[in-house]
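Trainee: Handing you this structure, nothing more for now.
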Amino acid sequence: MLQCLFFSADCSSSSACESSASRSDGETSMREPVEISLRSWRFIAGQALERNHHGEALQTPSHSMEETDPARRICEGRMLKLFGALVLLGLALACIASWVLDSYDTAWHPKRSVQHPTVGDGGGGRSPPFPSGELANIFWFIQVSDIHISRFHDPRRIPDFEKFCTDTIKVIQPDLVLATGDLTDAKTESKVGSLQHEVEWQAYHNILKRSRVMERTRWIDIRGNHDAFNIISLDSINNYYRKYSANQKVGSFHYVHKKPFGNYSFVCADATLNPGPKRPYNFFGILNQTQMDLLDTFRVESLKSNQSIWFGHYTTSTVVSPAPGLRDVMRSAVAYLCGHLHTLGGLMPVLHSRHPQGTLELELGDWMDNRRYRVLALDHDLLSFSDLRFEQWPAVLITNPKDAQYLHPGVEPLGRIRRSTHIRILAFSEAPITAVQLSVDGKPLGNCHSAGGPLYVLLWDPSRYLTGLHTIRVNVKDSAGRASVREQHFTLQDELTPSFGFAQSFVLLTDHYILARVAFVLTIVLNVGLLMAFRFLQVPSGRGLTSQACMSLHLVSTMDSFYYSLLLFNLCTALGPWFVGELIDGHSGACFAFGVFVDGHFLEGSLTYVIGVVQLLFFNMPLTCYLCWSLHHRCRGNTFRSHFLRPGCRLRTLAIHLIMLLLLTWQVHSCFFLLQTYGLIAFFLSPVRTWALGLSLLLIYRAWTGPAPPLRDKSKSATPS
């Protein structure tokens, strides 16, 4: 009632003002008492309304507050939403970072124990034998990888390898040699094609015969991906491995090396492809369920040995295998020895890491360019190794105390280091060793003396180094005046194990084929999704860069000739065959993103996803962007010639055209590679390479010479009624 009265009074005052405005000047004195009485009545009504609302006063600037409060509430709501989004993003990034750090944390943890003691372990190394001053309970062996005997390249590679088999093996005298794959190069002179050359295998076989290396040691050579290039089956006449290798065993196998002080298992995990297509589609190895079951049988058998060492050509990160995966199968091994990555072109000269179960993965640099080899020793069941270069003498390996970074408490009797009486060092050289000087933490301990053969020992007191991380340094000299220094950290403290670098662990512990699959799917969804979304979205025009980009995408998506061409091109990259041709000489097949079909066999996709991501990022998506940019100029009234004449934009315009020209050149090179590798049929039946090149040139030509597209703004198309 009071509110109605308030509003009626307000209305009365307004009507009174209107009537007073029409009166004469003589009536002004009569109007003033009326206005005063109205103001008095309004004040009285306001006071009554205030009392009715329990003292809630009506303030005169209420209308202005009502106008500003909604804007303030909207601003505060946006700030709260932004803050909440940032909090959620931070939590998500924290979870991802925590997961990544835990996945690639390569320091030893008790959870990594395999829960079974090794044979003769005596409960963590608490029972003898302990490392002493005698040449006992120790043997050593060699690994060499990626030899790449070639008929075309590096003429020094063959004589250097022969000298290695003759002189280096004679000096080191290993119990066995592991040649972990890529024995021959199997590439054409141009390095583009791939072909098994019998002359390369004959050269390899002749080296083994002339050096008589197989009479001095056990030589175990296995296949790599190059040794399986262009081979339809293991029984093929082109499978020269069966004829010229020393081992001649195809597939995984288990070899037990027997010594008077125990048995040692060497398990080969052969993941080479069968059939083996031409390069590059056998860069990843594959193990099927049958092969995994066989490896698991070998794992169970190896539990009876003192230690087990696994070896193969591929790193575990480049092997496609069913769950739970290759790393889990080899969980009882002290180490997995491999090659294949060639130090990543020098970017990763050391590629070592530790599996989540504790097994060490030790990738060895190649012999092909770097002349690398590795000397390993099992001293009282403790594995030590040293990566060396050909003809660099003396070669030094500290076996006790072991390098702290490579401890494996789950399977190694580390207690024997704390109970050892001597520091033990293997030193090899073509000339007699004259001095082996040793220091710990910078303090000289003296000169080691020979314990027989290449073993040098020095008495020490392990109780002085029970805590913390310590540094041992060995300086070895020979009679030829050469010297080598070997330095490593060691620890006698439980659970103090340095971790490996993140980059090394990422390369070796990531299943890259899974990562490539995810990246490929996301890139396809992004590329196709944007085309389809902007075809149906209403995009208003604007002056900003984002608005112009959206308008250009909308323009391309609404022009049927461009939209359907780009859509089919991307769908063919995702689902259709990339090419059809001879993936193996005399045997046709088809290559898809999800795998390769050849002669009735299917090889699961791995490197194909990587190549697919590269194709999408460096051709499909740039082509779409270039067409958007071109049509944007056309709809503004420009032609190919006139858009160069805009002031201040010539360099940017020229740069965009040059980038697109480089990408087209790269596509041309891809077509040439296809022709050289898989033949003329693959060149002509390649939707993603040859056809795509022709399609892109046609679309670019149409974008610059076809009818200028109209610039439509759907937000302004509706006329007011």
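All residue names refer to the structure tokens as shown: chains lettered A, B, ... in order, residues numbered from 1 in each chain, ligands numbered from 1 in order.
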Skip A:Tyr255 itself and residues of its chain fewer than 4 positions away, then list as an mmCIF file with all heavy atoms, in the first residue's frame all residues within 8 Å of it, counting only C-alpha atoms.

Mentor:
data_model
loop_
_atom_site.group_PDB
_atom_site.id
_atom_site.type_symbol
_atom_site.label_atom_id
_atom_site.label_comp_id
_atom_site.auth_asym_id
_atom_site.auth_seq_id
_atom_site.Cartn_x
_atom_site.Cartn_y
_atom_site.Cartn_z
ATOM 1 N N SER A 265 72.361 -67.442 -18.368
ATOM 2 C CA SER A 265 71.418 -67.514 -19.484
ATOM 3 C C SER A 265 71.543 -66.293 -20.380
ATOM 4 O O SER A 265 71.590 -65.145 -19.904
ATOM 5 C CB SER A 265 69.982 -67.604 -18.953
ATOM 6 O OG SER A 265 69.746 -68.853 -18.350
ATOM 7 N N PHE A 266 71.572 -66.535 -21.687
ATOM 8 C CA PHE A 266 71.539 -65.483 -22.701
ATOM 9 C C PHE A 266 70.316 -65.749 -23.578
ATOM 10 O O PHE A 266 70.269 -66.746 -24.300
ATOM 11 C CB PHE A 266 72.821 -65.482 -23.527
ATOM 12 C CG PHE A 266 74.030 -65.001 -22.765
ATOM 13 C CD1 PHE A 266 74.752 -65.885 -21.962
ATOM 14 C CD2 PHE A 266 74.431 -63.686 -22.836
ATOM 15 C CE1 PHE A 266 75.861 -65.452 -21.256
ATOM 16 C CE2 PHE A 266 75.539 -63.236 -22.133
ATOM 17 C CZ PHE A 266 76.257 -64.114 -21.331
ATOM 18 N N VAL A 267 69.333 -64.857 -23.490
ATOM 19 C CA VAL A 267 68.059 -65.029 -24.190
ATOM 20 C C VAL A 267 67.982 -64.006 -25.320
ATOM 21 O O VAL A 267 68.073 -62.792 -25.083
ATOM 22 C CB VAL A 267 66.863 -64.862 -23.235
ATOM 23 C CG1 VAL A 267 65.551 -65.015 -24.004
ATOM 24 C CG2 VAL A 267 66.946 -65.874 -22.102
#

Trainee: Find the residue from A:His226, A:Arg389, A:Arg216, A:His632 that sits nearest to A:Asp160; use only C-alpha atoms when measuring.

Mentor: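 Closest candidate: A:Arg389.
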
Trainee: Which residue is closest to A:Val507? Choose from A:Glu604, A:Glu582, A:Glu430, A:Glu361 and count only C-alpha atoms.

Mentor: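 The shortest atom-to-atom distance to A:Val507 comes from A:Glu361.
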
Trainee: When DSSP works through the backbone of this structure, what residues of stretch 208-436 of chain A end up as strand (DSSP E or B), shown as a ChimeraX atom specification?

Mentor: /A:218-222,231,253-259,262-268,276,285-286,307-311,319-320,335-338,351-354,360-363,372-379,382-389,395-400,422-428,433-436

Trainee: Which is closer to A:Ala404 than all the others in A:Leu360, A:Ile700, A:Leu445, A:Leu469, using only C-alpha atoms?

Mentor: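 Smallest separation from A:Ala404 among the options: A:Leu469.
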
Trainee: Between atom CA of A:Pro409 and atom CA of A:Arg327, what distance in Å does the model show, to one decimal?

Mentor: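 Here the two named atoms are 17.4 Å from each other.
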
Trainee: Near A:Gly262, within 10 Å and counting only C-alpha atoms, which residues show up once chain neighbours fewer than 4 positions away are dropped, as a ChimeraX atom specification?

Mentor: /A:119-120,137,257-258,304-307,380-381

Trainee: Hey, which bits of stretch 565-595 of chain A sit within 7 Å of stretch 675-697 of chain A, and for each residue what's the closest pair of atoms and how far apart in Å (one decimal), counting only C-alpha atoms, rows by chain and increasing number, as a Markdown table?

Mentor:
| residue | atom | partner | partner_atom | distance |
| --- | --- | --- | --- | --- |
| A:Thr573 | CA | A:Val688 | CA | 6.1 |
| A:Trp578 | CA | A:Val688 | CA | 5.1 |
| A:Phe579 | CA | A:Ser686 | CA | 4.0 |
| A:Val580 | CA | A:Ala682 | CA | 5.1 |
| A:Gly581 | CA | A:Ala682 | CA | 4.3 |
| A:Glu582 | CA | A:Tyr678 | CA | 5.5 |
| A:Leu583 | CA | A:Tyr678 | CA | 6.0 |

Trainee: Considering only C-alpha atoms, state which residue in the set A:Asp379, A:Asn638, A:Val613, A:Phe130 is at the smallest distance from A:Leu526.

Mentor: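 For A:Leu526, the nearest of the candidates is A:Val613.
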
Trainee: With only C-alpha atoms as the atoms that count, which of A:Pro131, A:Gly276, A:Pro577, A:Gly365 lies nearest to A:Gln196?

Mentor: A:Gly276

Trainee: Work out how far apart atom CA of A:Ser194 and atom CA of A:Ser245 are and give it in Å to one decimal.

Mentor: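 Separation of atom CA of A:Ser194 and atom CA of A:Ser245: 19.6 Å.
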
Trainee: Residues within 7 Å of A:Phe141, please, as a PyMOL selection string. Count only C-alpha atoms; anything in the same chain fewer than 2 positions from it doesn't count.

Mentor: chain A and resi 174-177+375-377

Trainee: Just the selected residues (all heavy atoms), exported as a PDB file, in the first residue's frame, please.

Mentor:
ATOM      1  N   PRO A 174      87.369 -62.800 -25.148  1.00  0.00           N
ATOM      2  CA  PRO A 174      86.076 -62.953 -24.479  1.00  0.00           C
ATOM      3  C   PRO A 174      85.563 -64.377 -24.558  1.00  0.00           C
ATOM      4  O   PRO A 174      85.934 -65.144 -25.463  1.00  0.00           O
ATOM      5  CB  PRO A 174      85.174 -62.006 -25.264  1.00  0.00           C
ATOM      6  CG  PRO A 174      85.749 -62.032 -26.642  1.00  0.00           C
ATOM      7  CD  PRO A 174      87.243 -62.160 -26.462  1.00  0.00           C
ATOM      8  N   ASP A 175      84.689 -64.725 -23.616  1.00  0.00           N
ATOM      9  CA  ASP A 175      84.052 -66.038 -23.659  1.00  0.00           C
ATOM     10  C   ASP A 175      83.106 -66.148 -24.850  1.00  0.00           C
ATOM     11  O   ASP A 175      82.961 -67.224 -25.432  1.00  0.00           O
ATOM     12  CB  ASP A 175      83.277 -66.293 -22.364  1.00  0.00           C
ATOM     13  CG  ASP A 175      84.173 -66.874 -21.284  1.00  0.00           C
ATOM     14  OD1 ASP A 175      85.373 -66.530 -21.275  1.00  0.00           O
ATOM     15  OD2 ASP A 175      83.673 -67.667 -20.452  1.00  0.00           O
ATOM     16  N   LEU A 176      82.440 -65.065 -25.169  1.00  0.00           N
ATOM     17  CA  LEU A 176      81.531 -65.070 -26.314  1.00  0.00           C
ATOM     18  C   LEU A 176      81.389 -63.651 -26.845  1.00  0.00           C
ATOM     19  O   LEU A 176      81.699 -62.663 -26.153  1.00  0.00           O
ATOM     20  CB  LEU A 176      80.163 -65.652 -25.966  1.00  0.00           C
ATOM     21  CG  LEU A 176      79.271 -64.920 -24.966  1.00  0.00           C
ATOM     22  CD1 LEU A 176      77.822 -65.261 -25.224  1.00  0.00           C
ATOM     23  CD2 LEU A 176      79.609 -65.315 -23.535  1.00  0.00           C
ATOM     24  N   VAL A 177      80.909 -63.548 -28.081  1.00  0.00           N
ATOM     25  CA  VAL A 177      80.651 -62.271 -28.739  1.00  0.00           C
ATOM     26  C   VAL A 177      79.203 -62.258 -29.195  1.00  0.00           C
ATOM     27  O   VAL A 177      78.746 -63.201 -29.854  1.00  0.00           O
ATOM     28  CB  VAL A 177      81.587 -62.049 -29.942  1.00  0.00           C
ATOM     29  CG1 VAL A 177      81.217 -60.764 -30.682  1.00  0.00           C
ATOM     30  CG2 VAL A 177      83.040 -62.003 -29.498  1.00  0.00           C
ATOM     31  N   VAL A 375      82.512 -54.074 -23.875  1.00  0.00           N
ATOM     32  CA  VAL A 375      83.047 -55.178 -23.080  1.00  0.00           C
ATOM     33  C   VAL A 375      82.215 -55.275 -21.802  1.00  0.00           C
ATOM     34  O   VAL A 375      82.033 -54.272 -21.097  1.00  0.00           O
ATOM     35  CB  VAL A 375      84.531 -54.963 -22.731  1.00  0.00           C
ATOM     36  CG1 VAL A 375      85.033 -56.085 -21.829  1.00  0.00           C
ATOM     37  CG2 VAL A 375      85.364 -54.905 -24.004  1.00  0.00           C
ATOM     38  N   LEU A 376      81.705 -56.456 -21.525  1.00  0.00           N
ATOM     39  CA  LEU A 376      80.894 -56.696 -20.323  1.00  0.00           C
ATOM     40  C   LEU A 376      81.539 -57.802 -19.498  1.00  0.00           C
ATOM     41  O   LEU A 376      82.218 -58.693 -20.045  1.00  0.00           O
ATOM     42  CB  LEU A 376      79.464 -57.091 -20.682  1.00  0.00           C
ATOM     43  CG  LEU A 376      78.691 -56.149 -21.619  1.00  0.00           C
ATOM     44  CD1 LEU A 376      78.770 -56.656 -23.058  1.00  0.00           C
ATOM     45  CD2 LEU A 376      77.225 -56.025 -21.178  1.00  0.00           C
ATOM     46  N   ALA A 377      81.321 -57.752 -18.199  1.00  0.00           N
ATOM     47  CA  ALA A 377      81.862 -58.778 -17.303  1.00  0.00           C
ATOM     48  C   ALA A 377      80.834 -59.108 -16.232  1.00  0.00           C
ATOM     49  O   ALA A 377      80.120 -58.217 -15.742  1.00  0.00           O
ATOM     50  CB  ALA A 377      83.155 -58.295 -16.649  1.00  0.00           C
TER      51      ALA A 377
END

Trainee: What's around A:Ser386 at 9 Å? Count only C-alpha atoms, leave out sequence neighbours fewer than 2 positions away in its own chain, and write the answer as a list in words.

Mentor: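 Final neighbour list, sorted by chain and number: Tyr373, Arg374, Val375, Leu376, Ser384, Leu388, Ala395, Val396, Leu397 and Ile398 of chain A.
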
Trainee: I'd like the neighbourhood of A:Leu631 as an NGL selection string, where a residue qualifies if any of its atoms comes within 12 Å (using only C-alpha atoms), though same-chain residues fewer than 5 positions away should be ignored.

Mentor: :A and (548-549 or 551-559 or 562 or 624-626 or 636-640 or 643 or 699-711)

Trainee: Which neighbours of A:Ile232 fall inside 7 Å, counting only C-alpha atoms, when residues of the same chain fewer than 4 positions from it are skipped, and could you give them as a list in words?

Mentor: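 That gives Ser236, Pro275, Gly276 and Ile584 of chain A.
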
Trainee: Could you please write out, as a ChimeraX atom specification, every residue of stretch 279-433 of chain A that DSSP assigns to helix (DSSP H, G or I)?

Mentor: /A:289-302,316-318,326-329,342-346,404-406,415-418
